[in-house]
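Take a look at the structure below.
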Amino acid sequence: MTGIAETAFRPGLFVSLGRIGRFTRVMYKPHYLLYGVLWVLALEGTAALVSRPDTPWHPTGATVARIAIVAVVLLYLRMVDEQKDLEYDRVHNPDRPLVTGAVSAAELRMSMGAIAFGAIAASLLLSIGSALMIAAVLGYGLLLWGLERLSESVRTNILLNLVVTYPVQLLVTAYAVLSAIDTGEVGGRWRTALVAVVFAGAFLQFEFARKTSRSNRPGELLYSNALGANGSAAASMLFAVVAVVCEVAVVQPWTLGGAAVVIGWIPLALLLIPAVGAWRFRRSDDAQYPVVPAVLFILSLYLVLIGQAVVATRS
């Protein structure tokens with residue numbers, strides 16, 4: 001009987017792994033992974049530059065581990081979103097894998113359990129604090145799922161939904177910084193906390209850009225439904241300005257030496273990218289706000305922050 005059960009189990013497991021693999025290819029595209037890698041590197045590098053200005057920063061083995069952990073946790077959160085948004089997706093995104101049956105809720109939950117175990121175990125190798133912080137991220141993802149099932153307002157009011165859901169991004173940021181403090185790449189200074197504002201602003205400019213439309217689309221979760229198209233576009237641009245101004249104020253590029261003096265001022269020039277997107281939206285009849293400039297801004301900013309941290313020395 002045991003042999004028969006094992007024979008039946010193995011093909012089923014391989015089928016599930018294949019379905020999860022296809023889900024990952026569809027819902028976790030390479031640019032999501034690229035974003036996660038650049039996020040951790042830019043965050044750690046900027047936090048190190050702010051907190052330990054006299055010590056050159058470079059990625060370590062612990063940095064690589066954090067990148068891998070954040071990458072799989074972002075996939076975990078994608079799986080949570082797929083399940084908590086199921087009813088919404090049946091109406092507005094009928095081609096999503098869970099809606100079409102390309103993957104089952106049970107398979108997603110099995111994968112989430114494996115990811116949670118692996119992420120916590122790997123973080124525990126870095127520090128106890130790292131394990132506790134990543135557990136908080138995973139737990140908050142589940143809490144969001146529960147809140148949206150219990151509260152119609154959280155599900156349907158996009159601004160309230162943002163207030164409730166965005167802290168998971170802050171928790172990932174806190175995980176990366178606190179873990180880097182534990183492993184020695186970042187110093188524990190109060191100014192380090194201000195770095196979170198830079199990354200919050202950069203992400204929110206993209207978040208508002210991708211959910212802004214000139215057309216009236218009742219039932220869809222768009223910031224333009226609540227703020228109007230121009231209000232939502234202005235919010236996206238404002239968040240970009242907040243990110244850049246905070247970055248310059250915290251890093252203080254005028255105190256840097258070498259190539260970092262030049263690199264440190266590039267973020268101000270990068271504001272031209274979302275500004276062009278906003279100008280194009282105002283001048284055109286396109287229904288959808290252009291997302292490409294928002295993506296280009298956030299990726300370019302992170303690359304500049306990484307370069308700045310690598311070459312920075314204080315004058």
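Residue numbering restarts at 1 for every chain of the structure tokens, chains are lettered A, B, ... in their displayed order, and ligands are numbered from 1 as they appear.
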How would you write, as a tab-separated table (two decimals) with C-alpha atoms, in the first residue's frame, the set of residues in segment 260-295 of chain A that DSSP gives as helix (DSSP H, G or I)?
```
chain	number	residue	atom	x	y	z
A	260	ALA	CA	29.98	60.35	-6.04
A	261	VAL	CA	29.82	64.16	-6.16
A	262	VAL	CA	28.45	63.91	-9.70
A	263	ILE	CA	26.39	60.76	-9.17
A	266	ILE	CA	21.74	62.69	-10.82
A	267	PRO	CA	18.47	61.88	-8.95
A	268	LEU	CA	17.39	65.50	-9.47
A	269	ALA	CA	17.82	65.07	-13.22
A	270	LEU	CA	15.87	61.81	-13.11
A	272	LEU	CA	12.55	64.69	-15.84
A	273	ILE	CA	11.43	61.12	-16.54
A	274	PRO	CA	8.13	61.17	-14.58
A	275	ALA	CA	7.69	64.83	-15.58
A	276	VAL	CA	7.70	63.78	-19.25
A	277	GLY	CA	5.14	61.09	-18.43
A	278	ALA	CA	2.88	63.61	-16.70
A	279	TRP	CA	3.27	66.10	-19.57
A	280	ARG	CA	2.45	63.43	-22.13
A	281	PHE	CA	-0.68	62.43	-20.23
A	282	ARG	CA	-1.88	66.03	-20.01
A	283	ARG	CA	-1.21	66.74	-23.69
A	292	VAL	CA	6.89	53.18	-18.87
A	293	PRO	CA	8.30	56.50	-17.52
A	294	ALA	CA	7.30	55.46	-13.98
A	295	VAL	CA	9.08	52.12	-14.36
```
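Atom pair atom CA of Leu159 of chain A / atom CA of Leu77 of chain A: separated by 19.7 Å.
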